[in-house]
Amino acid sequence: MNTRGLRSQLKDSVPVTGLCPQAGPYGVQDSLRRGFSSVKNELLPSHPLELSEKNFQLNQDKMNFNTLRNIQGLHAPLKLQMEYRAARQIQRLPFLPSSNLALDTLRGTDDTIGFEDILNDPVLSEVMGDPHIMTEYKLGVL
Amino acid sequence: SRASRKRECRIMATVSVCQYHRGGFSFENCKRNALLEADINKLGFSSPAARKTGTTICGVVYKDGVVLGADTRATEGMVVADKNCSKIHYISPNVYCCGAGTAADTEMTTQIISSNLELHSLSTGRLPRVATANRMLKQMLFRYQGYIGAALVLGGVDCTGPHLYSIYPHGSTDKLPYVTMGSGSLAAMAVFEDRYRPNMEEEEAKRLVRDAIAAGIFNDLGSGSNIDLCVITKGKVDYLRPHDVANKKGVRTGNYRYKHGTTGVLAKTVTPLNLEVVEENVQTMDTS
C-alpha cells in the first residue's frame, strides 16, 4: 500500500522514459537482437496506460526515495539504494526466471499481490530463450 | 555457412526474451486489436461486448452496522448473461463489497484487495478496517486511470464503528451514510432520499434496502432477478442470498404435446432390415 504523500514531490517531477528501445552498441537499433523498428511504434503508445505502467515501479521507488530524503536526510536513500543494487544482483542464470525475493523484501512488495503476480507471471511463461545464446549475451561474448 | 545462419536464427529467436520479462498487463496486442476493430466495423459487424453488471447496488448505515444490497442480473450487451450472479463480494470477515460495471473487473479487483487485506491484517495482527480497503481500492483504480471499470460500494464494521464508502472507476471515493451505484442507482437513490433517517433499526434498514433494489429492478432494464442482502454488524455477518425473489419465473399452464391415439392408425407393416457385420474393430481406451 502506498503510504507516502505526494504534495512534496510536485517539484521533483519524474521524467518519464519514452517508448524508444535501447540503442545497440553502435548507437542505432540493433535489428538482429531486437527486431525491426518503426517510427510510429516508438512515438505513439499503443495504449494510454502503456508508458505509465512501464515506469510504474521506477516512479514509485523515486517517490519513496524523495520522501525518505526529505524526512531523514540524504544518507537514508543512499544506503537503501546501495542495498537495492546489491539485491538486484542476486539472480539465477539469464534464461531462468528469478524470484527477486531480496528486492521484493526491501521494497515491501513481498506481502502485496498485484496484477503483476497474477497476469503474465514470468515463471509460467511458455517460451524460454536459448540458454547458450542468452548466457553469451549476458557475458558479452556474443 | 549453414552453421552461422542457424546461429543467426537462434539469435533472432531470442529477441523477445533478451529483455527482462515483467508480469502484469501486456499491451502487445493493442495495435492489432485496433486494426481488427476498424476492419470489423468497415464490414458492418460489431465486436463482442464485455459482460457488464448493469446493476443496482446500494448500502445504508443503520444503528448497529451496515446493510448492503444488490440485484442479481449480469448482461452481455442486450442479453442477460447470468440470471443469478452474486454481486456482493467478500473482502474480509467484517468487510463486504458490492460491484457494478464490468463483471470481470469487479471480481478480480475485489479478490486482489481481499488477498492484500488478509496479508496486511496478518502483518498487523488486527482486524482490518474499512478505510484500509477503501484506500487500497482507490489507489489501484487511480493507477489504471478508469480503464478498470469497477464501481464499488464498500461497507463494513470495524473497531471504529460502521462505515460505508462508494468508489468510482477513476478512483474517487465518497464516505456517506447511504449510497447507490450502477445503472439503477437513480431509482434506488429516489427510495433512499424519501425514506432514509439516521439510526434505523435492523428490520427497517433491510426493508429500505430491499425496496430500493426492487425500484432498480423494476425500473431499469440492466437490473433484474432477485435481491441479495448482506447485513454486517460487529462480530456477525448475515449473507442473505436470495433475500427476496422479486421475479419468479412463470410456470407453464398448458402443453402442446398430443396424447397417444390422437391420430387413428389405419394399417401397420413391419419390414426387418437384415444387416450383416462386415468388420469389427476394437479400440481399447487408454485409462492409464
# chains A, B, ... in the order shown; residues from 1 in each chain; ligands from 1
call {"tool": "select_by_dssp", "arguments": {"residues": "region 56-119 of chain A", "states": "helix (DSSP H, G or I)", "output": "JSON, numbers by chain"}}
result
{"A": [56, 57, 58, 59, 60, 61, 62, 63, 64, 65, 66, 67, 68, 69, 70, 71, 72, 75, 76, 77, 78, 79, 80, 81, 82, 83, 84, 85, 86, 87, 88, 101, 102, 103, 104, 105, 106, 107, 109, 110, 111, 115, 116, 117, 118]}
call {"tool": "residues_around", "arguments": {"residues": "Ala87 (chain A)", "least_positions_apart": "2", "cutoff": "10 Å", "atoms": "only C-alpha atoms", "output": "list in words"}}
result
Gln81, Met82, Glu83, Tyr84, Arg85, Gln89, Ile90, Gln91, Asn100, Leu101, Ala102, Leu103, Asp104, Thr105 and Leu106 of chain A
call {"tool": "write_last_selection", "arguments": {"atoms": "all heavy atoms", "output": "compact mmCIF listing (two decimals), in the first residue's frame"}}
result
# COMPACT_ATOMS: atom_id res chain seq x y z
N GLN A 81 19.61 2.64 -1.48
CA GLN A 81 19.87 2.37 -2.89
C GLN A 81 21.05 1.44 -3.06
O GLN A 81 21.09 0.63 -3.98
CB GLN A 81 20.13 3.68 -3.64
CG GLN A 81 18.83 4.27 -4.15
CD GLN A 81 19.03 5.59 -4.85
OE1 GLN A 81 19.87 6.39 -4.46
NE2 GLN A 81 18.24 5.81 -5.86
N MET A 82 22.01 1.51 -2.12
CA MET A 82 23.12 0.57 -2.20
C MET A 82 22.61 -0.84 -1.93
O MET A 82 23.00 -1.81 -2.59
CB MET A 82 24.18 0.95 -1.16
CG MET A 82 25.54 0.49 -1.55
SD MET A 82 26.82 1.38 -0.70
CE MET A 82 26.75 0.60 0.89
N GLU A 83 21.69 -0.97 -0.98
CA GLU A 83 21.13 -2.29 -0.71
C GLU A 83 20.32 -2.80 -1.90
O GLU A 83 20.38 -3.99 -2.23
CB GLU A 83 20.22 -2.22 0.53
CG GLU A 83 20.99 -2.06 1.82
CD GLU A 83 20.06 -2.13 3.02
OE1 GLU A 83 19.09 -2.90 2.98
OE2 GLU A 83 20.31 -1.40 3.98
N TYR A 84 19.58 -1.90 -2.55
CA TYR A 84 18.83 -2.29 -3.74
C TYR A 84 19.77 -2.82 -4.80
O TYR A 84 19.51 -3.83 -5.45
CB TYR A 84 18.07 -1.08 -4.32
CG TYR A 84 16.71 -0.85 -3.73
CD1 TYR A 84 16.54 -0.68 -2.37
CD2 TYR A 84 15.59 -0.78 -4.55
CE1 TYR A 84 15.29 -0.45 -1.85
CE2 TYR A 84 14.34 -0.54 -4.03
CZ TYR A 84 14.20 -0.37 -2.67
OH TYR A 84 12.96 -0.13 -2.16
N ARG A 85 20.90 -2.10 -4.97
CA ARG A 85 21.84 -2.50 -6.02
C ARG A 85 22.40 -3.88 -5.73
O ARG A 85 22.53 -4.72 -6.61
CB ARG A 85 22.96 -1.48 -6.10
CG ARG A 85 23.80 -1.59 -7.34
CD ARG A 85 24.65 -0.38 -7.49
NE ARG A 85 23.89 0.75 -7.99
CZ ARG A 85 24.37 1.66 -8.82
NH1 ARG A 85 25.61 1.56 -9.22
NH2 ARG A 85 23.64 2.67 -9.22
N GLN A 89 21.51 -7.84 -7.81
CA GLN A 89 22.50 -8.71 -8.43
C GLN A 89 22.27 -10.17 -8.10
O GLN A 89 22.93 -11.03 -8.66
CB GLN A 89 23.89 -8.30 -7.98
CG GLN A 89 24.31 -6.98 -8.59
CD GLN A 89 25.63 -6.52 -8.03
OE1 GLN A 89 26.22 -7.20 -7.20
NE2 GLN A 89 26.07 -5.37 -8.47
N ILE A 90 21.34 -10.46 -7.18
CA ILE A 90 21.08 -11.85 -6.84
C ILE A 90 20.11 -12.40 -7.86
O ILE A 90 18.91 -12.23 -7.77
CB ILE A 90 20.46 -11.97 -5.43
CG1 ILE A 90 21.32 -11.26 -4.43
CG2 ILE A 90 20.28 -13.43 -5.05
CD1 ILE A 90 20.66 -11.10 -3.09
N GLN A 91 20.63 -13.04 -8.90
CA GLN A 91 19.78 -13.55 -9.97
C GLN A 91 20.19 -14.98 -10.29
O GLN A 91 21.32 -15.39 -10.03
CB GLN A 91 19.98 -12.72 -11.24
CG GLN A 91 19.63 -11.26 -11.08
CD GLN A 91 18.18 -10.99 -11.34
OE1 GLN A 91 17.64 -11.45 -12.33
NE2 GLN A 91 17.55 -10.28 -10.44
N ASN A 100 13.68 -12.73 -7.24
CA ASN A 100 13.90 -11.36 -6.74
C ASN A 100 13.36 -11.19 -5.34
O ASN A 100 12.75 -10.18 -5.00
CB ASN A 100 13.23 -10.33 -7.67
CG ASN A 100 13.92 -10.24 -8.98
OD1 ASN A 100 15.14 -10.28 -9.06
ND2 ASN A 100 13.15 -10.14 -10.05
N LEU A 101 13.55 -12.18 -4.48
CA LEU A 101 12.95 -12.14 -3.14
C LEU A 101 13.54 -11.02 -2.30
O LEU A 101 12.83 -10.29 -1.61
CB LEU A 101 13.15 -13.50 -2.46
CG LEU A 101 12.47 -13.66 -1.11
CD1 LEU A 101 10.98 -13.49 -1.29
CD2 LEU A 101 12.77 -15.01 -0.52
N ALA A 102 14.88 -10.87 -2.36
CA ALA A 102 15.52 -9.83 -1.55
C ALA A 102 15.04 -8.44 -1.98
O ALA A 102 14.74 -7.58 -1.14
CB ALA A 102 17.05 -9.94 -1.68
N LEU A 103 14.94 -8.25 -3.29
CA LEU A 103 14.48 -6.96 -3.80
C LEU A 103 13.04 -6.67 -3.37
O LEU A 103 12.70 -5.56 -2.97
CB LEU A 103 14.58 -6.98 -5.33
CG LEU A 103 14.66 -5.65 -6.04
CD1 LEU A 103 15.79 -4.81 -5.53
CD2 LEU A 103 14.80 -5.87 -7.53
N ASP A 104 12.20 -7.71 -3.43
CA ASP A 104 10.81 -7.56 -3.01
C ASP A 104 10.71 -7.21 -1.54
O ASP A 104 9.90 -6.40 -1.12
CB ASP A 104 10.03 -8.85 -3.27
CG ASP A 104 9.51 -8.92 -4.69
OD1 ASP A 104 9.57 -7.87 -5.37
OD2 ASP A 104 9.07 -9.99 -5.11
N THR A 105 11.56 -7.87 -0.74
CA THR A 105 11.51 -7.62 0.70
C THR A 105 11.91 -6.18 1.00
O THR A 105 11.28 -5.51 1.82
CB THR A 105 12.44 -8.58 1.45
OG1 THR A 105 12.20 -9.90 0.98
CG2 THR A 105 12.21 -8.51 2.94
N LEU A 106 12.96 -5.70 0.30
CA LEU A 106 13.39 -4.31 0.51
C LEU A 106 12.29 -3.33 0.12
O LEU A 106 12.04 -2.34 0.81
CB LEU A 106 14.63 -4.02 -0.33
CG LEU A 106 15.95 -4.48 0.26
CD1 LEU A 106 17.05 -4.24 -0.75
CD2 LEU A 106 16.25 -3.72 1.53
call {"tool": "residues_around", "arguments": {"residues": "Pro97 (chain A)", "least_positions_apart": "3", "cutoff": "12 Å", "atoms": "only C-alpha atoms", "output": "list in words"}}
result
Ile90, Gln91, Arg92, Leu93, Pro94, Asn100, Leu101, Asp121, Pro122, Val123, Leu124, Ser125, Glu126, Val127, Met128 and Gly129 of chain A; Val17, Gln19, Tyr20, His21, Arg22 and Gly23 of chain B
call {"tool": "write_last_selection", "arguments": {"atoms": "N, CA and C atoms", "output": "short mmCIF file (atom, residue, chain, number, x, y, z; two decimals), in the first residue's frame"}}
result
data_model
loop_
_atom_site.label_atom_id
_atom_site.label_comp_id
_atom_site.auth_asym_id
_atom_site.auth_seq_id
_atom_site.Cartn_x
_atom_site.Cartn_y
_atom_site.Cartn_z
N ILE A 90 21.34 -10.46 -7.18
CA ILE A 90 21.08 -11.85 -6.84
C ILE A 90 20.11 -12.40 -7.86
N GLN A 91 20.63 -13.04 -8.90
CA GLN A 91 19.78 -13.55 -9.97
C GLN A 91 20.19 -14.98 -10.29
N ARG A 92 19.26 -15.73 -10.89
CA ARG A 92 19.63 -17.04 -11.42
C ARG A 92 20.28 -16.85 -12.79
N LEU A 93 20.55 -17.95 -13.46
CA LEU A 93 21.12 -17.87 -14.82
C LEU A 93 20.17 -17.08 -15.72
N PRO A 94 20.72 -16.45 -16.77
CA PRO A 94 19.93 -15.48 -17.55
C PRO A 94 18.65 -16.03 -18.13
N ASN A 100 13.68 -12.73 -7.24
CA ASN A 100 13.90 -11.36 -6.74
C ASN A 100 13.36 -11.19 -5.34
N LEU A 101 13.55 -12.18 -4.48
CA LEU A 101 12.95 -12.14 -3.14
C LEU A 101 13.54 -11.02 -2.30
N ASP A 121 2.67 -14.03 -15.42
CA ASP A 121 3.73 -14.35 -14.47
C ASP A 121 4.92 -14.92 -15.25
N PRO A 122 6.13 -14.34 -15.11
CA PRO A 122 7.28 -14.84 -15.88
C PRO A 122 7.59 -16.30 -15.58
N VAL A 123 7.23 -16.76 -14.36
CA VAL A 123 7.51 -18.17 -14.02
C VAL A 123 6.71 -19.10 -14.92
N LEU A 124 5.50 -18.66 -15.31
CA LEU A 124 4.62 -19.52 -16.11
C LEU A 124 4.74 -19.23 -17.60
N SER A 125 5.80 -18.51 -18.00
CA SER A 125 5.93 -18.17 -19.41
C SER A 125 6.15 -19.42 -20.24
N GLU A 126 5.53 -19.46 -21.45
CA GLU A 126 5.62 -20.66 -22.29
C GLU A 126 6.90 -20.71 -23.10
N VAL A 127 7.53 -19.56 -23.31
CA VAL A 127 8.75 -19.55 -24.13
C VAL A 127 9.94 -19.30 -23.24
N MET A 128 11.07 -19.83 -23.66
CA MET A 128 12.30 -19.60 -22.93
C MET A 128 13.37 -19.29 -23.96
N GLY A 129 14.26 -18.40 -23.61
CA GLY A 129 15.33 -18.10 -24.54
C GLY A 129 16.32 -19.25 -24.61
N VAL B 17 13.10 -12.36 -25.65
CA VAL B 17 13.37 -12.74 -24.27
C VAL B 17 14.71 -12.21 -23.79
N GLN B 19 15.12 -9.09 -23.17
CA GLN B 19 14.74 -8.12 -22.15
C GLN B 19 14.12 -8.85 -20.98
N TYR B 20 14.08 -8.16 -19.86
CA TYR B 20 13.50 -8.71 -18.64
C TYR B 20 11.99 -8.86 -18.81
N HIS B 21 11.50 -10.05 -18.62
CA HIS B 21 10.08 -10.33 -18.81
C HIS B 21 9.33 -9.94 -17.55
N ARG B 22 8.53 -8.87 -17.66
CA ARG B 22 7.81 -8.38 -16.49
C ARG B 22 6.39 -8.92 -16.50
N GLY B 23 5.81 -9.12 -15.34
CA GLY B 23 4.42 -9.58 -15.29
C GLY B 23 3.46 -8.42 -15.43
#
call {"tool": "residues_around", "arguments": {"residues": "Asn94 (chain B)", "least_positions_apart": "3", "cutoff": "9 Å", "atoms": "only C-alpha atoms", "output": "list in words"}}
result
Tyr90, Ile91, Leu127, Pro128, Arg129, Val130, Gly155, Gly156, Val157, Asp158, Ile232, Thr233, Lys234, Gly235, Lys236 and Val237 of chain B
call {"tool": "closest_residue", "arguments": {"among": "B:Asn134, B:Thr102, B:Gln145, B:Asn226", "to": "Gly69 (chain B)", "atoms": "only C-alpha atoms"}}
result
B:Asn226
call {"tool": "residues_around", "arguments": {"residues": "region 55-59 of chain B", "least_positions_apart": "5", "cutoff": "6 Å", "atoms": "only C-alpha atoms", "output": "list of chain:residue names"}}
result
B:Val67, B:Leu68, B:Gly69, B:Ala70, B:Asp71, B:Ala100, B:Tyr178, B:Val179, B:Thr180, B:Met181, B:Gly182, B:Ser183, B:Gly184, B:Ser185, B:Gly216, B:Gly222, B:Ser223
call {"tool": "closest_residue", "arguments": {"among": "A:Glu116, A:Ile71, A:Leu139, A:Asp130", "to": "chain B", "atoms": "only C-alpha atoms"}}
result
A:Glu116
call {"tool": "closest_residue", "arguments": {"among": "B:Asn219, B:Thr109, B:Asn33, B:Thr284", "to": "Ser46 (chain A)", "atoms": "only C-alpha atoms"}}
result
B:Asn33
